[in-house]
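Enquirer: query00.cif is reproduced below (mmCIF, C-alpha atoms).
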```cif
data_structure
#
loop_
_atom_site.label_atom_id
_atom_site.label_comp_id
_atom_site.auth_asym_id
_atom_site.auth_seq_id
_atom_site.Cartn_x
_atom_site.Cartn_y
_atom_site.Cartn_z
CA MET A 1 -86.15 -53.02 98.23
CA THR A 2 -89.39 -54.59 99.28
CA GLU A 3 -92.13 -52.78 97.52
CA TRP A 4 -94.54 -55.64 97.77
CA PRO A 5 -94.37 -56.83 101.31
CA GLY A 6 -96.37 -60.00 101.51
CA SER A 7 -97.63 -59.87 97.96
CA GLY A 8 -98.99 -63.18 96.86
CA GLY A 9 -98.65 -64.62 100.33
CA PRO A 10 -101.49 -65.93 102.45
CA PRO A 11 -103.82 -63.23 103.81
CA TRP A 12 -102.58 -63.53 107.36
CA LYS A 13 -99.08 -62.98 106.19
CA ALA A 14 -100.07 -59.89 104.26
CA ARG A 15 -101.75 -58.56 107.37
CA VAL A 16 -98.74 -59.16 109.53
CA SER A 17 -96.46 -57.35 107.18
CA SER A 18 -98.87 -54.46 106.78
CA ALA A 19 -98.89 -54.07 110.52
CA LYS A 20 -95.13 -54.23 110.70
CA PRO A 21 -94.23 -50.58 110.24
CA GLY A 22 -95.01 -49.90 113.82
CA GLY A 23 -98.81 -50.12 114.20
CA GLU A 24 -99.34 -46.70 112.75
CA VAL A 25 -102.66 -45.31 111.56
CA ASN A 26 -103.39 -48.24 109.38
CA PRO A 27 -106.52 -49.91 110.63
CA VAL A 28 -106.92 -53.33 109.15
CA PRO A 29 -110.29 -53.29 107.42
CA GLU A 30 -112.92 -55.75 108.54
CA LYS A 31 -112.57 -57.60 105.32
CA ALA A 32 -108.93 -58.39 105.51
CA PRO A 33 -108.21 -59.93 102.11
CA PRO A 34 -109.28 -56.92 100.01
CA SER A 35 -106.72 -54.81 101.88
CA VAL A 36 -104.25 -56.36 99.53
CA PRO A 37 -105.37 -54.89 96.24
CA PRO A 38 -106.28 -57.66 93.86
CA SER A 39 -104.49 -55.87 91.09
CA GLU A 40 -101.15 -56.37 92.79
CA PRO A 41 -99.36 -58.90 90.69
CA PRO A 42 -98.61 -62.00 92.70
CA GLU A 43 -95.63 -62.47 90.46
CA PRO A 44 -93.41 -65.37 91.44
CA GLY A 45 -90.18 -63.97 92.78
CA GLY A 46 -91.63 -60.56 91.93
CA ASP A 47 -88.67 -58.47 90.90
CA SER A 48 -89.58 -54.90 91.67
CA ASP A 49 -86.98 -53.60 89.24
CA ARG A 50 -88.74 -55.35 86.44
CA ALA A 51 -90.61 -52.05 86.42
CA GLN A 52 -94.24 -52.88 85.98
CA PRO A 53 -96.13 -49.63 85.93
CA GLN A 54 -97.53 -49.35 89.42
CA THR A 55 -101.24 -49.16 89.87
CA ALA A 56 -102.80 -46.41 91.94
CA GLU A 57 -103.59 -48.94 94.66
CA ALA A 58 -100.03 -50.12 94.72
CA GLN A 59 -98.81 -46.58 95.11
CA THR A 60 -101.15 -45.92 97.97
CA GLU A 61 -100.02 -49.16 99.51
CA SER A 62 -96.42 -48.14 99.09
CA LEU A 63 -97.15 -44.79 100.70
CA ARG A 64 -98.84 -46.48 103.62
CA GLN A 65 -96.26 -49.19 104.11
CA LEU A 66 -93.06 -47.34 103.49
CA GLY A 67 -94.11 -43.73 103.95
CA GLU A 68 -92.89 -42.97 100.49
CA MET A 69 -94.53 -42.44 97.17
CA ARG A 70 -92.70 -44.25 94.46
CA THR A 71 -92.91 -42.58 91.14
CA PRO A 72 -94.19 -45.02 88.57
CA PRO A 73 -91.23 -46.43 86.72
CA ALA A 74 -90.79 -45.51 83.08
CA PRO A 75 -91.44 -48.24 80.53
CA PRO A 76 -88.54 -50.61 80.86
CA SER A 77 -85.59 -50.10 78.56
CA ASN A 78 -83.56 -53.10 77.55
CA ILE A 79 -80.47 -50.91 77.28
CA HIS A 80 -78.65 -49.39 80.19
CA VAL A 81 -76.66 -46.20 79.82
CA MET A 82 -73.57 -45.51 81.83
CA SER A 83 -71.92 -42.15 81.47
CA ILE A 84 -68.34 -41.89 82.57
CA ILE A 85 -67.58 -38.25 83.14
CA GLY A 86 -64.99 -35.99 84.70
CA GLN A 87 -62.26 -37.67 86.68
CA ILE A 88 -62.41 -41.37 87.32
CA GLU A 89 -62.01 -41.40 91.05
CA GLY A 90 -59.86 -44.06 92.60
CA HIS A 91 -58.76 -44.80 96.13
CA ILE A 92 -58.79 -41.18 97.23
CA ILE A 93 -61.88 -39.00 97.29
CA LEU A 94 -61.04 -36.04 95.11
CA PRO A 95 -61.76 -32.46 96.15
CA PRO A 96 -65.25 -31.31 95.23
CA GLN A 97 -64.25 -29.07 92.32
CA ASN A 98 -63.77 -32.27 90.33
CA LYS A 99 -66.67 -33.96 88.68
CA THR A 100 -66.02 -37.58 89.34
CA THR A 101 -67.08 -41.05 88.34
CA LYS A 102 -66.81 -43.32 91.33
CA TYR A 103 -65.58 -46.78 90.50
CA GLU A 104 -66.99 -48.32 93.66
CA HIS A 105 -70.42 -47.32 92.40
CA VAL A 106 -69.89 -48.21 88.77
CA LEU A 107 -68.64 -51.74 89.43
CA PRO A 108 -71.78 -52.98 91.23
CA GLN A 109 -73.87 -51.25 88.58
CA LEU A 110 -72.14 -53.36 85.99
CA VAL A 111 -72.91 -56.43 88.08
CA ALA A 112 -76.56 -55.40 88.16
CA VAL A 113 -76.60 -54.84 84.41
CA GLU A 114 -75.01 -58.20 83.74
CA GLN A 115 -77.29 -60.02 86.13
CA ASN A 116 -80.63 -58.36 85.36
CA PRO A 117 -82.38 -60.40 82.66
CA ALA A 118 -84.38 -57.36 81.52
CA ILE A 119 -81.23 -55.49 80.50
CA GLU A 120 -79.81 -56.70 77.22
CA GLY A 121 -77.17 -54.16 76.37
CA LEU A 122 -74.90 -51.48 77.79
CA LEU A 123 -74.13 -48.10 76.26
CA VAL A 124 -71.08 -46.40 77.74
CA ILE A 125 -70.86 -42.68 77.11
CA LEU A 126 -67.42 -41.27 77.71
CA ASN A 127 -66.52 -37.67 78.31
CA THR A 128 -63.67 -37.88 80.72
CA VAL A 129 -60.29 -36.32 81.38
CA GLY A 130 -58.84 -39.54 82.78
CA GLY A 131 -58.24 -40.52 86.34
CA ASP A 132 -57.00 -43.30 88.55
CA VAL A 133 -55.25 -46.08 86.65
CA GLU A 134 -56.46 -48.93 88.80
CA ALA A 135 -60.05 -47.71 88.89
CA GLY A 136 -60.09 -47.15 85.14
CA LEU A 137 -58.64 -50.56 84.42
CA ALA A 138 -61.11 -52.15 86.84
CA ILE A 139 -64.05 -50.63 84.98
CA ALA A 140 -62.55 -51.63 81.63
CA GLU A 141 -62.03 -55.23 82.75
CA MET A 142 -65.57 -55.44 84.10
CA ILE A 143 -67.12 -54.17 80.87
CA ASP A 144 -64.87 -56.41 78.81
CA SER A 145 -65.87 -59.51 80.76
CA MET A 146 -69.60 -58.88 80.46
CA SER A 147 -71.54 -61.35 78.36
CA LYS A 148 -74.00 -58.70 77.19
CA PRO A 149 -73.44 -56.50 74.15
CA SER A 150 -71.76 -53.20 74.92
CA ALA A 151 -71.06 -50.11 72.87
CA SER A 152 -69.02 -47.06 73.75
CA LEU A 153 -69.41 -43.56 72.44
CA VAL A 154 -66.64 -41.05 72.98
CA LEU A 155 -68.00 -37.51 73.06
CA GLY A 156 -66.04 -34.39 73.75
CA GLY A 157 -63.01 -36.06 75.20
CA GLY A 158 -61.91 -39.51 76.21
CA HIS A 159 -58.40 -39.01 77.48
CA SER A 160 -55.74 -41.06 79.20
CA ILE A 161 -57.36 -43.84 81.24
CA ALA A 162 -60.56 -43.44 79.20
CA LEU A 163 -58.82 -45.27 76.37
CA PRO A 164 -58.95 -48.72 77.98
CA ILE A 165 -62.58 -48.09 78.92
CA ALA A 166 -63.48 -47.04 75.39
CA VAL A 167 -61.89 -50.11 73.83
CA SER A 168 -63.35 -52.47 76.43
CA CYS A 169 -66.76 -52.29 74.75
CA LYS A 170 -67.56 -54.65 71.94
CA TYR A 171 -68.32 -51.80 69.55
CA ARG A 172 -66.75 -48.35 69.90
CA LEU A 173 -67.69 -45.08 68.32
CA ILE A 174 -66.25 -41.61 68.46
CA ALA A 175 -67.96 -38.35 67.58
CA SER A 176 -66.18 -36.58 64.75
CA THR A 177 -65.22 -33.67 67.00
CA ALA A 178 -64.26 -35.75 70.02
CA THR A 179 -60.64 -36.12 71.04
CA MET A 180 -58.58 -38.77 72.73
CA THR A 181 -55.22 -37.97 74.23
CA VAL A 182 -52.54 -40.63 74.43
CA HIS A 183 -49.70 -39.67 76.75
CA PRO A 184 -47.32 -41.34 79.20
CA LEU A 185 -48.13 -42.02 82.83
CA ARG A 186 -46.70 -39.82 85.50
CA LEU A 187 -46.43 -40.53 89.16
CA SER A 188 -48.53 -38.23 91.26
CA GLY A 189 -47.53 -37.31 94.75
CA LEU A 190 -44.15 -38.16 96.13
CA VAL A 191 -41.68 -39.11 93.47
CA ILE A 192 -38.62 -40.92 94.70
CA GLY A 193 -35.84 -40.56 92.21
CA VAL A 194 -34.65 -44.12 92.21
CA PRO A 195 -34.60 -46.48 89.24
CA GLN A 196 -37.36 -48.58 90.84
CA THR A 197 -39.76 -45.66 90.53
CA TYR A 198 -39.36 -45.64 86.81
CA GLU A 199 -39.61 -49.38 86.59
CA TYR A 200 -42.81 -49.27 88.60
CA LEU A 201 -44.26 -46.56 86.43
CA GLU A 202 -43.24 -48.47 83.33
CA LYS A 203 -45.06 -51.51 84.67
CA MET A 204 -48.24 -49.50 85.31
CA GLN A 205 -47.99 -48.04 81.84
CA ASP A 206 -47.58 -51.49 80.36
CA ARG A 207 -50.86 -52.54 81.95
CA VAL A 208 -52.65 -49.78 80.07
CA ILE A 209 -50.84 -50.48 76.81
CA LYS A 210 -51.49 -54.21 77.12
CA PHE A 211 -55.20 -53.73 77.68
CA VAL A 212 -55.60 -51.26 74.82
CA THR A 213 -53.63 -53.31 72.31
CA GLU A 214 -55.38 -56.54 73.24
CA HIS A 215 -58.79 -54.96 72.75
CA SER A 216 -58.22 -52.93 69.61
CA ARG A 217 -56.41 -53.14 66.31
CA ILE A 218 -53.53 -50.85 67.29
CA THR A 219 -50.11 -52.41 67.90
CA ALA A 220 -48.13 -51.85 71.09
CA ASP A 221 -45.29 -50.23 69.13
CA LYS A 222 -47.64 -47.78 67.45
CA PHE A 223 -49.34 -46.98 70.74
CA ARG A 224 -46.01 -46.31 72.42
CA GLU A 225 -44.99 -44.10 69.54
CA LEU A 226 -48.18 -42.04 69.99
CA MET A 227 -47.55 -41.87 73.72
CA PHE A 228 -44.09 -40.42 73.39
CA ARG A 229 -44.52 -38.27 70.31
CA THR A 230 -43.17 -34.76 70.78
CA GLY A 231 -44.42 -31.54 69.28
CA GLU A 232 -48.14 -32.26 69.51
CA LEU A 233 -48.97 -31.25 73.06
CA VAL A 234 -47.94 -27.93 74.55
CA ARG A 235 -46.85 -29.11 77.96
CA ASP A 236 -46.36 -32.78 77.43
CA VAL A 237 -45.34 -35.55 75.12
CA GLY A 238 -48.14 -37.48 73.52
CA THR A 239 -50.72 -37.29 70.77
CA VAL A 240 -54.19 -35.86 70.44
CA LEU A 241 -56.43 -37.96 68.22
CA VAL A 242 -59.43 -36.17 66.78
CA GLY A 243 -62.43 -38.24 65.65
CA ALA A 244 -61.35 -40.09 62.54
CA ASP A 245 -57.69 -40.28 63.68
CA ALA A 246 -58.68 -42.74 66.38
CA VAL A 247 -60.56 -44.81 63.81
CA ASN A 248 -57.70 -44.78 61.29
CA LEU A 249 -55.30 -45.99 63.98
CA GLY A 250 -57.62 -48.87 64.85
CA LEU A 251 -58.44 -47.76 68.38
CA ILE A 252 -62.08 -47.05 67.63
CA ASP A 253 -64.36 -48.83 65.16
CA ALA A 254 -66.14 -45.89 63.55
CA VAL A 255 -66.97 -42.22 63.65
CA GLY A 256 -70.58 -41.79 64.66
CA GLY A 257 -73.12 -40.58 67.14
CA LEU A 258 -76.00 -41.66 69.27
CA SER A 259 -78.15 -43.29 66.60
CA ASP A 260 -75.18 -45.27 65.28
CA ALA A 261 -74.35 -46.47 68.78
CA LEU A 262 -77.93 -47.56 69.44
CA ALA A 263 -78.22 -49.21 66.03
CA ALA A 264 -75.02 -51.16 66.62
CA LEU A 265 -76.16 -52.16 70.09
CA ASN A 266 -79.56 -53.30 68.88
CA LYS A 267 -77.93 -55.30 66.11
CA MET A 268 -75.67 -57.04 68.62
CA ILE A 269 -78.66 -57.72 70.85
CA GLU A 270 -80.55 -59.26 67.93
CA GLU A 271 -77.57 -61.43 67.09
CA LYS A 272 -77.21 -62.53 70.68
CA ARG A 273 -80.90 -63.42 70.86
CA ALA A 274 -80.60 -65.43 67.68
CA ARG A 275 -77.52 -67.21 69.02
CA GLU A 276 -79.11 -68.11 72.27
CA GLY A 277 -81.86 -70.02 70.59
CA ARG A 278 -85.55 -70.02 70.83
CA ALA A 279 -86.01 -70.51 74.56
CA ASP A 280 -84.09 -67.40 75.53
CA ALA A 281 -85.55 -65.39 72.68
CA ARG A 282 -89.02 -66.15 73.89
CA GLN A 283 -88.09 -64.95 77.35
CA ALA A 284 -86.58 -61.76 75.96
CA ILE A 285 -89.71 -61.01 73.98
CA SER A 286 -91.94 -61.56 76.95
CA LEU A 287 -89.90 -59.03 78.88
CA GLN A 288 -90.48 -56.31 76.36
CA MET B 1 -52.33 -43.89 93.61
CA ILE B 2 -51.48 -43.07 90.04
CA LEU B 3 -53.60 -40.56 88.25
CA TYR B 4 -53.52 -40.87 84.49
CA THR B 5 -55.17 -37.70 83.36
CA VAL B 6 -54.71 -34.81 80.98
CA LEU B 7 -55.45 -32.29 83.69
CA PRO B 8 -52.55 -30.81 85.64
CA ILE B 9 -52.24 -32.69 88.90
CA GLU B 10 -52.26 -29.48 90.94
CA GLN B 11 -55.65 -28.64 89.53
CA VAL B 12 -57.09 -32.05 90.31
CA LEU B 13 -55.80 -32.20 93.85
CA GLU B 14 -56.37 -28.56 94.76
CA GLY B 15 -57.96 -28.39 98.18
CA ILE B 16 -57.46 -32.05 99.00
CA GLU B 17 -56.04 -31.10 102.39
CA ARG B 18 -59.36 -29.46 103.29
CA GLU B 19 -61.08 -31.61 105.85
CA ARG B 20 -64.42 -33.18 104.94
CA HIS B 21 -66.78 -34.91 107.26
CA PHE B 22 -68.67 -38.01 106.38
CA ALA B 23 -71.17 -40.10 108.24
CA ASP B 24 -72.36 -43.62 107.68
CA ILE B 25 -76.11 -43.89 108.01
CA GLU B 26 -78.81 -46.33 107.13
CA VAL B 27 -81.78 -45.17 105.09
CA GLN B 28 -84.59 -47.62 104.42
CA GLY B 29 -82.33 -50.59 104.84
CA VAL B 30 -79.47 -49.29 102.72
CA THR B 31 -76.26 -48.23 104.38
CA MET B 32 -74.60 -45.23 102.85
CA THR B 33 -71.83 -42.74 103.43
CA VAL B 34 -73.14 -39.21 103.36
CA GLU B 35 -71.63 -35.77 103.66
CA PRO B 36 -73.88 -33.48 105.66
CA VAL B 37 -74.32 -30.12 103.96
CA SER B 38 -76.64 -28.59 106.52
CA ALA B 39 -78.60 -29.64 109.56
CA GLU B 40 -81.37 -31.05 107.35
CA GLU B 41 -79.57 -32.19 104.25
CA ALA B 42 -76.78 -34.49 103.27
CA THR B 43 -75.25 -35.54 99.99
CA ILE B 44 -74.84 -39.21 99.24
CA VAL B 45 -71.19 -40.04 98.79
CA ARG B 46 -71.27 -43.79 98.56
CA ILE B 47 -73.73 -46.64 98.77
CA ILE B 48 -72.68 -49.62 100.83
CA SER B 49 -74.75 -52.58 99.79
CA THR B 50 -74.37 -56.10 98.51
CA ASP B 51 -77.56 -55.90 96.45
CA PRO B 52 -76.52 -54.82 92.94
CA ARG B 53 -79.99 -53.41 92.31
CA ASP B 54 -79.39 -50.73 94.93
CA PHE B 55 -76.73 -49.25 92.69
CA LEU B 56 -79.18 -48.73 89.84
CA LYS B 57 -81.78 -46.88 91.88
CA PRO B 58 -81.98 -43.22 90.88
CA ALA B 59 -82.62 -42.15 94.46
CA LEU B 60 -79.43 -43.79 95.61
CA GLN B 61 -76.92 -42.27 93.22
CA PRO B 62 -73.91 -40.45 94.69
CA GLY B 63 -74.50 -36.74 94.69
CA ARG B 64 -78.19 -37.05 95.45
CA LYS B 65 -79.38 -34.97 98.36
CA ILE B 66 -81.22 -36.72 101.12
CA ARG B 67 -83.32 -35.16 103.85
CA LEU B 68 -82.09 -35.91 107.33
CA THR B 69 -84.76 -36.45 109.91
CA ALA B 70 -83.69 -36.69 113.52
CA THR B 71 -86.42 -39.18 114.34
CA LEU B 72 -84.97 -42.01 112.29
CA GLU B 73 -81.71 -42.33 114.16
CA ASN B 74 -82.95 -41.60 117.66
CA SER B 75 -86.17 -43.56 118.00
CA HIS B 76 -85.88 -47.19 117.26
#
```
Starting from the file, give its structure as structure tokens.

Expert:
Amino acid sequence: MTEWPGSGGPPWKARVSSAKPGGEVNPVPEKAPPSVPPSEPPEPGGDSDRAQPQTAEAQTESLRQLGEMRTPPAPPSNIHVMSIIGQIEGHIILPPQNKTTKYEHVLPQLVAVEQNPAIEGLLVILNTVGGDVEAGLAIAEMIDSMSKPSASLVLGGGHSIALPIAVSCKYRLIASTATMTVHPLRLSGLVIGVPQTYEYLEKMQDRVIKFVTEHSRITADKFRELMFRTGELVRDVGTVLVGADAVNLGLIDAVGGLSDALAALNKMIEEKRAREGRADARQAISLQ
Amino acid sequence: MILYTVLPIEQVLEGIERERHFADIEVQGVTMTVEPVSAEEATIVRIISTDPRDFLKPALQPGRKIRLTATLENSH
């Protein structure tokens, strides 16, 4: 968190902080000021995640101060990639045979993406079998409410609760071989056979339907029809949409792949820069 | 909890009754929940932080192994 303890501060301050990690073998040289390498950027509010390539001195300093060698960060990318894979894990930690996406980790990441001025766009890669309704909807709502351009790419499979996440991005793509399964919700665990159970389930299902229909061109009636279609799935009611099917139904914007997703994202970023006027554009350029 | 998934629920929840042990530790100022896998190693399960940047750090992603050193916890 603090890679540059005391950077840019007065020399005495730098010395204090360099002595902080417990007076280890770190003799303060006679000439105190040069102990802070002059190449260290005294950047105002120096954001370490802004990913300046670290100089050799800075690395040595980091090794001495924190006992750890930080690998030099890669050149900064203005796009952040989030891959949502396996099961979307909700309030219960799933057994380890599941590959999981943890919502409690993804949500703060989205906050960081939204808040970090160096990140201008989000690419969501989906290959998921579904998961917890509340966790999935939480991720979808977070992506939807971001001000930065976002694009989703469904690869392999984007089933069940992946649908709201896929449509939450501003531009959505599906690989031609990828599938999306639309099927009804079922209650896991203890099912109490009272009418309220079904009402509750219906309500949960409506949340998903509402989100999907509000964020795509499909109508609620059509979505319900897909959900309860018989004869498509072996063990269940529902529909499997392969590539172009999802586009024809208005769920997804286009069939495409990685380059299409990046092109769309870059286009949205350009448009956003243009919209935000010269001042912000200048800042964005200086960050590159 | 409602799981909305194409996988059979038995397959997803298989082995959920198996007990797992977690520990909350602090590593370089970041609190995290880890699952010890051996005496020297633990897997990060969850990061507990209010700094959003912590969640973007590659070294702090869930599933990453961390080396446990006895000195950190015992000598402060």

Enquirer: Return as a PyMOL selection string the set of residues that the PyMOL selection byres ((chain B) within 12 of (chain A)) yields on the displayed structure.

Expert: chain B and resi 1-22+27-30+32+35+43-63+75-76

Enquirer: Translate the PyMOL selection byres ((chain A and resi 214-226) around 8) into a concrete residue list for this structure, as a PyMOL selection string.

Expert: chain A and resi 167-168+182-183+209-213+227-229+238-239+249-252

Enquirer: If you measure from atom CA of Glu40 of chain B to atom CA of Thr69 of chain B, what distance in Å do you get, rounded to one decimal?

Expert: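 Here the two named atoms are 6.9 Å from each other.
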
Enquirer: Which one is closest to Tyr171 of chain A: A:Gly277, A:Gly121, A:Gly86, A:Gly231? Count all atoms listed in the file.

Expert: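 Of A:Gly277, A:Gly121, A:Gly86, A:Gly231, the one nearest Tyr171 of chain A is A:Gly121, counting all atoms listed in the file.
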
Enquirer: Between atom CA of Asp24 of chain B and atom CA of Met142 of chain A, what distance in Å does the model show, to one decimal?

Expert: 27.2 Å

Enquirer: Could you list, as an MDAnalysis selection string, every residue within 8 Å of segment 260-276 of chain A, counting all atoms listed in the file and ignoring same-chain residues fewer than 5 positions away?

Expert: chainID A and resid 120:123 148:153 171:173 281 284

Enquirer: What does the distance between atom CA of Gly156 of chain A and atom CA of Leu258 of chain A come to in Å, to one decimal place?

Expert: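 Rounded to one decimal, the two atoms are 13.1 Å apart.
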
Enquirer: Please evaluate the PyMOL selection byres ((chain A and resi 82) around 7) against the displayed coordinates and give the resulting residues as a list in words.

Expert: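 This file gives the following for the PyMOL selection byres ((chain A and resi 82) around 7): His80, Val81, Ser83, Ile84, Leu123, Val124 and Ile125 of chain A.
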
Enquirer: If the box runs along x, y and z of the file and leaves 6 Å on each side of segment 41-56 of chain B, what are its centre and edge lengths in Å, one decimal, as JSON?

Expert:
```
{"center_x": -75.6, "center_y": -44.1, "center_z": 97.0, "size_x": 20.8, "size_y": 35.9, "size_z": 26.4}
```
